[in-house]
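Student: Here you go, this is input_30.csv (CSV, C-alpha atoms and all ligand atoms).
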```csv
chain,number,residue,atom,x,y,z
A,90,MET,CA,174.2,-48.9,93.4
A,91,LYS,CA,171.6,-51.6,93.9
A,92,ARG,CA,171.4,-52.3,90.1
A,93,PHE,CA,175.2,-52.6,90.1
A,94,ALA,CA,175.1,-55.1,93.0
A,95,VAL,CA,172.6,-57.3,91.2
A,96,ALA,CA,174.6,-57.2,88.0
A,97,PHE,CA,177.8,-58.0,89.9
A,98,ALA,CA,176.1,-61.0,91.6
A,99,ALA,CA,174.9,-62.3,88.3
A,100,VAL,CA,178.4,-62.1,86.8
A,101,LEU,CA,179.8,-63.7,89.9
A,102,ALA,CA,177.3,-66.5,89.6
A,103,LEU,CA,178.4,-67.2,86.0
A,104,VAL,CA,182.1,-67.1,86.8
A,105,LEU,CA,181.7,-69.3,89.9
A,106,GLY,CA,179.6,-71.9,88.1
A,107,GLU,CA,176.1,-71.0,89.2
A,108,PRO,CA,176.4,-71.1,93.0
A,109,ALA,CA,172.7,-70.4,93.2
A,110,LEU,CA,172.0,-73.8,91.6
A,111,ALA,CA,174.4,-75.5,94.0
A,112,ASP,CA,172.0,-74.5,96.8
A,113,GLU,CA,169.0,-76.0,95.0
A,114,PRO,CA,167.7,-79.0,96.9
A,115,ILE,CA,168.1,-82.5,95.4
A,116,VAL,CA,164.6,-83.4,94.2
A,117,ILE,CA,163.4,-87.0,94.7
A,118,LYS,CA,160.2,-87.9,92.9
A,119,PHE,CA,158.4,-90.7,94.6
A,120,SER,CA,155.6,-92.0,92.4
A,121,HIS,CA,153.1,-94.6,93.5
A,122,VAL,CA,149.7,-96.1,92.5
A,123,VAL,CA,147.7,-96.1,95.7
A,124,THR,CA,145.7,-93.4,97.5
A,125,PRO,CA,147.5,-91.2,100.1
A,126,ASP,CA,145.6,-92.9,102.9
A,127,ALA,CA,146.6,-96.4,101.9
A,128,PRO,CA,149.6,-97.8,103.9
A,129,LYS,CA,152.0,-97.1,101.0
A,130,GLY,CA,150.6,-93.6,100.5
A,131,LYS,CA,151.1,-92.9,104.3
A,132,ALA,CA,154.6,-94.4,104.2
A,133,ALA,CA,155.6,-92.2,101.2
A,134,GLN,CA,154.5,-89.1,103.1
A,135,PHE,CA,156.2,-90.2,106.2
A,136,PHE,CA,159.4,-90.8,104.3
A,137,LYS,CA,159.2,-87.4,102.7
A,138,GLU,CA,158.9,-85.7,106.1
A,139,LEU,CA,161.8,-87.6,107.6
A,140,ALA,CA,164.0,-87.2,104.5
A,141,GLU,CA,163.5,-83.5,104.4
A,142,LYS,CA,164.1,-83.1,108.1
A,143,TYR,CA,167.2,-85.3,108.3
A,144,THR,CA,168.9,-83.6,105.4
A,145,ASN,CA,168.0,-80.1,106.6
A,146,GLY,CA,166.1,-79.5,103.4
A,147,ARG,CA,169.0,-80.5,101.1
A,148,VAL,CA,166.6,-83.1,99.7
A,149,LYS,CA,163.0,-82.3,98.6
A,150,VAL,CA,160.7,-85.3,98.1
A,151,GLU,CA,157.8,-84.8,95.8
A,152,VAL,CA,155.2,-87.6,96.3
A,153,TYR,CA,152.9,-88.4,93.3
A,154,PRO,CA,150.0,-90.7,94.5
A,155,ASN,CA,147.2,-92.5,92.6
A,156,SER,CA,149.2,-93.2,89.4
A,157,SER,CA,149.1,-89.5,88.8
A,158,LEU,CA,152.6,-89.5,87.3
A,159,TYR,CA,153.0,-93.1,86.0
A,160,LYS,CA,151.1,-96.3,85.9
A,161,ASP,CA,152.5,-99.8,86.8
A,162,LYS,CA,154.7,-100.6,83.9
A,163,GLU,CA,155.6,-97.0,83.0
A,164,GLU,CA,156.8,-96.2,86.5
A,165,LEU,CA,159.4,-98.9,86.4
A,166,GLU,CA,160.6,-97.8,83.0
A,167,ALA,CA,160.7,-94.2,84.3
A,168,LEU,CA,162.8,-95.3,87.3
A,169,GLN,CA,165.3,-97.0,85.0
A,170,LEU,CA,165.6,-93.7,83.1
A,171,ASN,CA,165.8,-91.7,86.4
A,172,THR,CA,162.8,-89.5,85.5
A,173,VAL,CA,161.5,-90.7,88.9
A,174,GLN,CA,163.8,-91.7,91.8
A,175,LEU,CA,161.6,-93.7,94.2
A,176,LEU,CA,158.8,-96.3,93.8
A,177,ALA,CA,157.3,-99.0,95.9
A,178,PRO,CA,155.7,-101.4,93.5
A,179,SER,CA,154.4,-104.8,94.2
A,180,ILE,CA,157.3,-107.3,93.6
A,181,SER,CA,154.9,-109.2,91.3
A,182,LYS,CA,155.6,-106.4,88.9
A,183,PHE,CA,159.3,-107.0,88.6
A,184,GLY,CA,159.0,-110.0,86.3
A,185,PRO,CA,158.3,-107.9,83.2
A,186,LEU,CA,161.6,-106.0,83.8
A,187,GLY,CA,163.3,-109.3,82.9
A,188,VAL,CA,163.8,-110.5,86.5
A,189,LYS,CA,161.6,-113.5,86.5
A,190,GLU,CA,162.8,-114.8,89.9
A,191,PHE,CA,160.5,-112.4,91.7
A,192,ASP,CA,157.5,-114.1,90.3
A,193,ILE,CA,158.2,-117.0,92.6
A,194,PHE,CA,156.8,-115.2,95.6
A,195,ASP,CA,153.4,-115.5,94.0
A,196,LEU,CA,153.4,-119.3,94.3
A,197,PRO,CA,150.0,-119.9,96.0
A,198,PHE,CA,150.0,-120.0,99.8
A,199,LEU,CA,153.9,-119.6,99.9
A,200,MET,CA,153.7,-116.4,101.9
A,201,SER,CA,150.1,-116.4,103.1
A,202,ASP,CA,151.3,-116.9,106.7
A,203,ASP,CA,152.7,-113.7,108.2
A,204,ASN,CA,155.8,-115.4,109.7
A,205,HIS,CA,156.8,-117.0,106.3
A,206,ALA,CA,156.4,-113.6,104.6
A,207,HIS,CA,158.6,-111.8,107.1
A,208,GLN,CA,161.2,-114.6,107.2
A,209,MET,CA,161.4,-114.5,103.5
A,210,THR,CA,162.0,-110.8,103.1
A,211,ALA,CA,164.5,-110.8,105.9
A,212,SER,CA,166.4,-113.8,104.4
A,213,PRO,CA,169.9,-113.4,103.0
A,214,MET,CA,168.5,-114.8,99.8
A,215,MET,CA,167.0,-111.4,99.1
A,216,ALA,CA,170.6,-110.0,98.6
A,217,GLU,CA,171.1,-112.5,95.7
A,218,LEU,CA,167.8,-111.4,94.1
A,219,ASN,CA,168.6,-107.7,94.7
A,220,LYS,CA,171.7,-108.1,92.5
A,221,LYS,CA,169.5,-109.2,89.6
A,222,LEU,CA,167.4,-106.0,89.9
A,223,GLU,CA,170.5,-103.9,90.3
A,224,ALA,CA,171.7,-105.2,87.0
A,225,LYS,CA,168.7,-103.4,85.6
A,226,ASN,CA,169.6,-100.2,87.4
A,227,VAL,CA,166.7,-100.8,89.9
A,228,MET,CA,168.1,-100.8,93.5
A,229,PRO,CA,165.9,-102.2,96.4
A,230,LEU,CA,166.2,-100.2,99.6
A,231,ALA,CA,163.6,-102.2,101.6
A,232,TYR,CA,160.7,-104.6,101.3
A,233,TRP,CA,157.4,-103.8,102.9
A,234,ASP,CA,154.8,-106.5,103.6
A,235,ASN,CA,151.3,-105.3,102.9
A,236,GLY,CA,149.6,-108.5,103.9
A,237,ALA,CA,147.7,-111.5,102.6
A,238,GLN,CA,145.5,-111.2,99.5
A,239,VAL,CA,141.8,-112.0,99.2
A,240,TYR,CA,139.6,-112.4,96.1
A,241,THR,CA,136.7,-110.1,95.1
A,242,ALA,CA,134.3,-110.7,92.3
A,243,ASN,CA,130.8,-110.1,91.1
A,244,LYS,CA,129.7,-113.6,92.1
A,245,PRO,CA,130.6,-115.7,95.1
A,246,LEU,CA,133.9,-117.5,94.9
A,247,ILE,CA,133.5,-120.3,97.4
A,248,MET,CA,135.0,-123.3,95.7
A,249,PRO,CA,137.7,-123.4,93.1
A,250,ASP,CA,135.2,-124.3,90.4
A,251,ASP,CA,133.5,-121.0,90.9
A,252,PHE,CA,136.4,-119.4,89.0
A,253,ARG,CA,135.6,-121.3,85.8
A,254,GLY,CA,135.3,-118.8,82.9
A,255,MET,CA,135.7,-115.7,85.1
A,256,LYS,CA,137.8,-112.9,83.7
A,257,MET,CA,140.3,-112.1,86.5
A,258,ARG,CA,142.6,-109.2,86.7
A,259,ILE,CA,146.2,-110.1,87.6
A,260,GLN,CA,149.4,-108.2,88.1
A,261,GLY,CA,152.3,-108.9,85.7
A,262,SER,CA,153.6,-112.1,87.2
A,263,LYS,CA,153.7,-115.4,85.2
A,264,VAL,CA,152.9,-117.4,88.4
A,265,LEU,CA,149.7,-115.4,88.9
A,266,ASP,CA,148.8,-116.1,85.3
A,267,ALA,CA,149.4,-119.8,85.8
A,268,ALA,CA,147.4,-119.8,89.1
A,269,ALA,CA,144.4,-118.1,87.4
A,270,ARG,CA,144.5,-120.6,84.6
A,271,GLU,CA,144.7,-123.5,87.0
A,272,LEU,CA,141.5,-122.2,88.5
A,273,GLY,CA,139.9,-122.2,85.1
A,274,ALA,CA,139.8,-118.4,85.0
A,275,ILE,CA,140.9,-116.1,82.1
A,276,PRO,CA,143.7,-113.9,83.5
A,277,GLN,CA,144.1,-110.3,82.2
A,278,ILE,CA,146.9,-107.9,83.2
A,279,ILE,CA,145.5,-104.5,84.0
A,280,ALA,CA,147.3,-101.6,85.6
A,281,PHE,CA,146.2,-100.9,89.1
A,282,GLY,CA,145.1,-97.4,88.2
A,283,GLU,CA,142.7,-98.7,85.6
A,284,LEU,CA,141.3,-101.5,87.8
A,285,TYR,CA,138.3,-99.7,89.3
A,286,GLN,CA,136.9,-98.9,85.8
A,287,ALA,CA,137.7,-102.3,84.5
A,288,LEU,CA,135.7,-103.9,87.3
A,289,GLN,CA,132.9,-101.4,87.0
A,290,THR,CA,132.5,-101.8,83.2
A,291,GLY,CA,132.9,-105.6,83.3
A,292,VAL,CA,136.2,-105.7,81.4
A,293,VAL,CA,137.1,-108.1,84.2
A,294,ASP,CA,134.8,-109.9,86.7
A,295,GLY,CA,137.2,-110.0,89.7
A,296,GLU,CA,140.6,-109.5,91.1
A,297,ASP,CA,142.7,-110.2,94.2
A,298,ASN,CA,144.2,-107.7,96.5
A,299,VAL,CA,144.8,-106.7,100.1
A,300,PRO,CA,141.7,-105.4,102.0
A,301,SER,CA,143.2,-102.0,102.5
A,302,ASN,CA,143.5,-101.5,98.7
A,303,ILE,CA,140.0,-102.8,98.2
A,304,TRP,CA,138.8,-100.2,100.7
A,305,THR,CA,140.8,-97.2,99.6
A,306,GLN,CA,140.3,-97.9,95.9
A,307,LYS,CA,136.5,-98.4,96.5
A,308,PHE,CA,136.5,-101.7,94.7
A,309,TYR,CA,133.8,-102.8,97.2
A,310,ASP,CA,131.5,-100.4,95.3
A,311,VAL,CA,131.7,-102.5,92.2
A,312,GLN,CA,132.4,-106.0,93.7
A,313,LYS,CA,129.6,-107.8,95.5
A,314,TYR,CA,131.6,-110.6,96.9
A,315,MET,CA,134.9,-111.0,98.8
A,316,THR,CA,136.4,-114.3,99.9
A,317,LEU,CA,139.1,-114.1,102.7
A,318,SER,CA,141.2,-116.6,100.9
A,319,ASN,CA,144.7,-115.4,102.0
A,320,HIS,CA,146.2,-117.3,99.0
A,321,GLY,CA,149.0,-114.8,98.2
A,322,ARG,CA,150.9,-111.9,99.4
A,323,LEU,CA,151.3,-108.2,98.5
A,324,THR,CA,154.9,-107.3,99.1
A,325,TYR,CA,156.4,-104.0,98.0
A,326,GLY,CA,159.9,-103.3,97.0
A,327,LEU,CA,161.0,-99.8,97.8
A,328,VAL,CA,163.3,-99.2,94.9
A,329,THR,CA,165.5,-96.4,93.6
A,330,ASN,CA,167.5,-95.7,90.5
A,331,LYS,CA,170.9,-97.3,91.3
A,332,ALA,CA,173.1,-94.7,89.6
A,333,PHE,CA,171.1,-91.8,91.1
A,334,TRP,CA,171.4,-93.3,94.6
A,335,ASN,CA,175.1,-93.9,94.3
A,336,SER,CA,175.7,-90.4,93.0
A,337,LEU,CA,174.3,-88.8,96.2
A,338,PRO,CA,176.7,-87.1,98.6
A,339,GLU,CA,177.6,-89.7,101.3
A,340,ASP,CA,176.1,-87.7,104.2
A,341,VAL,CA,172.9,-87.1,102.3
A,342,ARG,CA,172.6,-90.9,101.5
A,343,ALA,CA,173.3,-91.8,105.1
A,344,ASN,CA,170.4,-89.5,106.2
A,345,LEU,CA,168.1,-91.0,103.6
A,346,ASP,CA,169.0,-94.5,104.7
A,347,ARG,CA,168.0,-93.5,108.2
A,348,ALA,CA,164.7,-92.2,106.9
A,349,VAL,CA,164.2,-95.5,105.0
A,350,LYS,CA,164.8,-97.5,108.1
A,351,GLU,CA,162.3,-95.5,110.1
A,352,THR,CA,159.8,-95.7,107.3
A,353,ASN,CA,160.1,-99.5,107.3
A,354,GLU,CA,159.1,-99.6,110.9
A,355,PHE,CA,156.2,-97.2,110.2
A,356,PHE,CA,154.9,-99.3,107.4
A,357,ASN,CA,155.1,-102.5,109.5
A,358,GLY,CA,153.2,-100.7,112.2
A,359,VAL,CA,150.3,-99.7,110.0
A,360,ALA,CA,149.7,-102.4,107.3
A,361,ALA,CA,148.2,-105.2,109.3
A,362,LYS,CA,145.9,-103.0,111.2
A,363,GLU,CA,144.7,-101.2,108.1
A,364,ASN,CA,143.8,-104.6,106.5
A,365,ALA,CA,141.8,-105.6,109.6
A,366,ASP,CA,140.0,-102.3,109.7
A,367,ALA,CA,139.3,-102.4,106.0
A,368,ILE,CA,137.6,-105.8,106.3
A,369,GLU,CA,135.3,-104.3,109.0
A,370,LYS,CA,134.6,-101.2,107.0
A,371,ILE,CA,133.8,-103.2,103.8
A,372,LYS,CA,131.4,-105.4,105.8
A,373,ALA,CA,129.8,-102.2,107.3
A,374,SER,CA,129.3,-100.7,103.9
A,375,GLY,CA,126.7,-103.4,103.2
A,376,LYS,CA,127.9,-103.5,99.6
A,377,THR,CA,130.1,-106.5,99.6
A,378,ASP,CA,129.4,-109.9,101.2
A,379,VAL,CA,132.6,-111.0,103.0
A,380,HIS,CA,133.0,-114.8,103.1
A,381,VAL,CA,135.2,-116.6,105.7
A,382,GLN,CA,136.3,-119.9,104.3
A,383,THR,CA,135.5,-123.2,106.1
A,384,GLU,CA,138.3,-125.7,106.7
A,385,ALA,CA,136.9,-127.9,103.8
A,386,GLU,CA,136.9,-124.9,101.4
A,387,LYS,CA,140.4,-123.9,102.3
A,388,LYS,CA,141.6,-127.5,101.7
A,389,ALA,CA,139.9,-127.6,98.3
A,390,TRP,CA,141.6,-124.4,97.3
A,391,ILE,CA,145.0,-125.7,98.5
A,392,ALA,CA,144.5,-128.9,96.6
A,393,LYS,CA,143.5,-127.0,93.4
A,394,LEU,CA,146.4,-124.5,93.6
A,395,MET,CA,149.4,-126.5,94.9
A,396,PRO,CA,150.0,-128.1,91.5
A,397,VAL,CA,151.1,-124.6,90.3
A,398,HIS,CA,154.2,-125.1,92.4
A,399,THR,CA,155.1,-128.3,90.5
A,400,GLU,CA,154.2,-126.7,87.1
A,401,MET,CA,156.5,-123.8,87.9
A,402,GLN,CA,159.5,-126.1,88.4
A,403,SER,CA,160.1,-125.8,84.7
A,404,ARG,CA,160.3,-122.0,85.0
A,405,PHE,CA,162.4,-121.6,88.1
A,406,GLY,CA,164.1,-125.0,88.6
A,407,LYS,CA,163.2,-127.3,91.5
A,408,ASP,CA,166.4,-126.4,93.4
A,409,PHE,CA,165.5,-122.7,93.4
A,410,ILE,CA,162.0,-123.4,94.6
A,411,ASP,CA,163.3,-125.6,97.3
A,412,ARG,CA,165.7,-122.9,98.4
A,413,ILE,CA,162.8,-120.4,98.6
A,414,TYR,CA,160.8,-122.9,100.7
A,415,LYS,CA,163.7,-123.2,103.1
A,416,ALA,CA,164.3,-119.4,103.2
A,417,SER,CA,160.7,-118.7,104.0
A,418,GLY,CA,160.1,-121.7,106.2
A,419,PHE,CA,157.3,-123.0,104.0
A,420,THR,CA,156.4,-126.7,104.0
A,421,PRO,CA,154.1,-127.7,101.1
A,422,PRO,CA,150.9,-128.9,102.7
A,423,GLN,CA,150.0,-132.6,102.3
A,424,ILE,CA,147.1,-133.0,99.9
B,501,LIG,C1,148.1,-104.1,92.5
B,501,LIG,O1,148.5,-103.8,91.4
B,501,LIG,O2,147.0,-104.7,92.8
B,501,LIG,C2,148.9,-103.6,93.7
B,501,LIG,O3,150.2,-104.0,93.5
B,501,LIG,C3,148.8,-102.2,93.9
B,501,LIG,C4,149.6,-101.6,95.0
B,501,LIG,O4,150.6,-101.0,94.7
B,501,LIG,O5,149.3,-101.8,96.2
```
For the structure just supplied, provide its representation as structure tokens.
Ligand code: LMR

Tutor:
Amino acid sequence: MKRFAVAFAAVLALVLGEPALADEPIVIKFSHVVTPDAPKGKAAQFFKELAEKYTNGRVKVEVYPNSSLYKDKEELEALQLNTVQLLAPSISKFGPLGVKEFDIFDLPFLMSDDNHAHQMTASPMMAELNKKLEAKNVMPLAYWDNGAQVYTANKPLIMPDDFRGMKMRIQGSKVLDAAARELGAIPQIIAFGELYQALQTGVVDGEDNVPSNIWTQKFYDVQKYMTLSNHGRLTYGLVTNKAFWNSLPEDVRANLDRAVKETNEFFNGVAAKENADAIEKIKASGKTDVHVQTEAEKKAWIAKLMPVHTEMQSRFGKDFIDRIYKASGFTPPQI
């Protein structure tokens, strides 16, 4: 009798178009390149818990930290192919997708002030830029501000001249390439997941990042000096595959949108504090000397790097740069 019931259920499943599969949860793979205890890692886990709770288990989120599934460039390609459904890369990595406008946010000092960074990502101009990503099937759901960037190296970086001849790791953006060259350094694009080793083996001499990444990736183990230069910004774009997101049942999508909204608040609540804590922990490690810039040094860096803004007019157009200044509230410093 029992065997008959099992066989009957199997036939029924075939006839009715595999009802068992219909009950399978929708799987969202969320891949990222940082550790689970970095702000992005914590936010990914937070999102997973909310998404599964709000959808009553109809969605299952699998989080893959530490570049364990894909590295920088691969993860964006995988998202376009829908082999992964959520990422939160630095927006400095969107340029190589063919959306060069995002590189503009790397203009030195443009977003170093917290208020400018927040004003920019909340600006209606982002909707215009989002459309350019969506045309590549990459749909932004949110922007997360991970704070101002600092430089690390194996020698002190006090004045701009100290960069001369240094091999510096950069992310994919052309503006970061121009800024490194302006400093007299030799820029090299290296995936985040390969950076520790590149610093350890001397493939590059230094890099720039947010303190929480320098702490959680243990870069301080292999970098003797850190300068609190706050010259740039690390902004993440929480992105999904557009076709995938639009194919979700409406109620599921609404619950996921709610989870995204709450994750944004969570991220904003942890990022700044984690950077401040990381600076203290790096100092306490005794492995890295942390340099606070004097006013004169800061001015010298600004004077050296502001010409990148003018140089980039040929890439973005002066009008576009002016609109970004206005949207972010940035006024070019007088030098
Ligand atoms: C980097 O490549 O330095 C960062 O974008 C890594 C990250 O995702 O925080």

Student: Quick one: distance from atom CA of Pro421 of chain A to atom CA of Leu246 of chain A in Å, one decimal?

Tutor: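 Result for atom CA of Pro421 of chain A versus atom CA of Leu246 of chain A: 23.5 Å, one decimal.
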
Student: So which one's closest to Glu141 of chain A, A:Pro114, A:Met315, A:Met228, A:Asp234? Using all atoms listed in the file, please.

Tutor: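 Checking each candidate against Glu141 of chain A, we get A:Pro114 as the closest.
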
Student: Enter the distance from atom CA of Val341 of chain A to atom CA of Thr144 of chain A, in Å, rounded to one decimal.

Tutor: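 Atom CA of Val341 of chain A sits 6.2 Å away from atom CA of Thr144 of chain A.
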
Student: Distance limit 9 Å, reference ligand LIG 501 (chain B), atoms considered: all atoms listed in the file. Which residues make the cut? Give them as a PyMOL selection string.

Tutor: chain A and resi 121-123+127-129+161+177-182+235+258-261+279-282+284+296-299+301-302+323-325

Student: So that I can see what lies close to Thr172 of chain A, please list as an MDAnalysis selection string the residues with an atom at most 10 Å from it, counting all atoms listed in the file and leaving out residues fewer than 6 positions away in the same chain.

Tutor: chainID A and resid 117:118 164 166 330

Student: Let me see the file: selected residues, C-alpha atoms, as a short mmCIF file (atom, residue, chain, number, x, y, z; two decimals), keeping the file's coordinate frame.

Tutor:
```
data_model
loop_
_atom_site.label_atom_id
_atom_site.label_comp_id
_atom_site.auth_asym_id
_atom_site.auth_seq_id
_atom_site.Cartn_x
_atom_site.Cartn_y
_atom_site.Cartn_z
CA ILE A 117 163.40 -87.00 94.70
CA LYS A 118 160.20 -87.90 92.90
CA GLU A 164 156.80 -96.20 86.50
CA GLU A 166 160.60 -97.80 83.00
CA ASN A 330 167.50 -95.70 90.50
#
```

Student: Which value, in Å to one decimal, gives the distance between atom CA of Met248 of chain A and atom CA of Asn319 of chain A?

Tutor: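 Separation between atom CA of Met248 of chain A and atom CA of Asn319 of chain A: 14.0 Å.
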
Student: Pick out the residues sitting within 9 Å of Thr241 of chain A, and hand them over as a list in words; count all atoms listed in the file, and ignore anything fewer than 4 positions along from it in its own chain.

Tutor: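 So the residues in contact are Pro245, Leu246, Asp294, Gly295, Glu296, Asp297, Asn298, Ile303, Phe308, Tyr309, Gln312, Lys313, Tyr314, Met315, Thr316, Leu317, Thr377 and Val379 of chain A.
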
Student: Export segment 207-227 of chain A of the preceding structure, keeping N, CA and C atoms, as a short mmCIF file (atom, residue, chain, number, x, y, z; two decimals), in the first residue's frame.

Tutor:
```
data_model
loop_
_atom_site.label_atom_id
_atom_site.label_comp_id
_atom_site.auth_asym_id
_atom_site.auth_seq_id
_atom_site.Cartn_x
_atom_site.Cartn_y
_atom_site.Cartn_z
N HIS A 207 27.31 61.39 1.33
CA HIS A 207 25.91 61.02 1.54
C HIS A 207 24.97 61.80 0.63
N GLN A 208 25.31 63.08 0.45
CA GLN A 208 24.48 63.92 -0.44
C GLN A 208 24.51 63.37 -1.87
N MET A 209 25.70 62.89 -2.27
CA MET A 209 25.83 62.38 -3.65
C MET A 209 24.99 61.13 -3.86
N THR A 210 25.13 60.15 -2.96
CA THR A 210 24.41 58.89 -3.22
C THR A 210 22.90 59.05 -3.04
N ALA A 211 22.49 60.11 -2.30
CA ALA A 211 21.04 60.34 -2.15
C ALA A 211 20.51 61.23 -3.27
N SER A 212 21.41 61.71 -4.14
CA SER A 212 20.99 62.67 -5.16
C SER A 212 20.19 62.03 -6.29
N PRO A 213 19.25 62.78 -6.88
CA PRO A 213 18.46 62.24 -8.00
C PRO A 213 19.34 61.89 -9.20
N MET A 214 20.57 62.43 -9.22
CA MET A 214 21.47 62.09 -10.34
C MET A 214 21.80 60.60 -10.39
N MET A 215 21.69 59.94 -9.22
CA MET A 215 22.03 58.51 -9.20
C MET A 215 21.05 57.72 -10.08
N ALA A 216 19.80 58.19 -10.18
CA ALA A 216 18.81 57.47 -10.99
C ALA A 216 19.25 57.45 -12.45
N GLU A 217 19.82 58.58 -12.87
CA GLU A 217 20.32 58.69 -14.26
C GLU A 217 21.47 57.69 -14.49
N LEU A 218 22.36 57.60 -13.49
CA LEU A 218 23.49 56.68 -13.62
C LEU A 218 23.04 55.22 -13.50
N ASN A 219 22.03 55.00 -12.66
CA ASN A 219 21.53 53.62 -12.50
C ASN A 219 21.05 53.06 -13.84
N LYS A 220 20.45 53.94 -14.65
CA LYS A 220 19.91 53.47 -15.95
C LYS A 220 21.04 52.93 -16.82
N LYS A 221 22.21 53.55 -16.71
CA LYS A 221 23.35 53.10 -17.52
C LYS A 221 23.80 51.69 -17.10
N LEU A 222 23.71 51.43 -15.80
CA LEU A 222 24.06 50.08 -15.33
C LEU A 222 22.98 49.09 -15.73
N GLU A 223 21.74 49.53 -15.62
CA GLU A 223 20.62 48.64 -15.95
C GLU A 223 20.67 48.20 -17.41
N ALA A 224 21.19 49.07 -18.26
CA ALA A 224 21.34 48.70 -19.67
C ALA A 224 22.32 47.53 -19.82
N LYS A 225 23.12 47.30 -18.79
CA LYS A 225 24.06 46.16 -18.79
C LYS A 225 23.49 44.99 -17.98
N ASN A 226 22.21 45.07 -17.64
CA ASN A 226 21.52 44.05 -16.85
C ASN A 226 21.97 44.03 -15.38
N VAL A 227 22.62 45.11 -14.95
CA VAL A 227 23.08 45.22 -13.55
C VAL A 227 22.20 46.29 -12.89
#
```
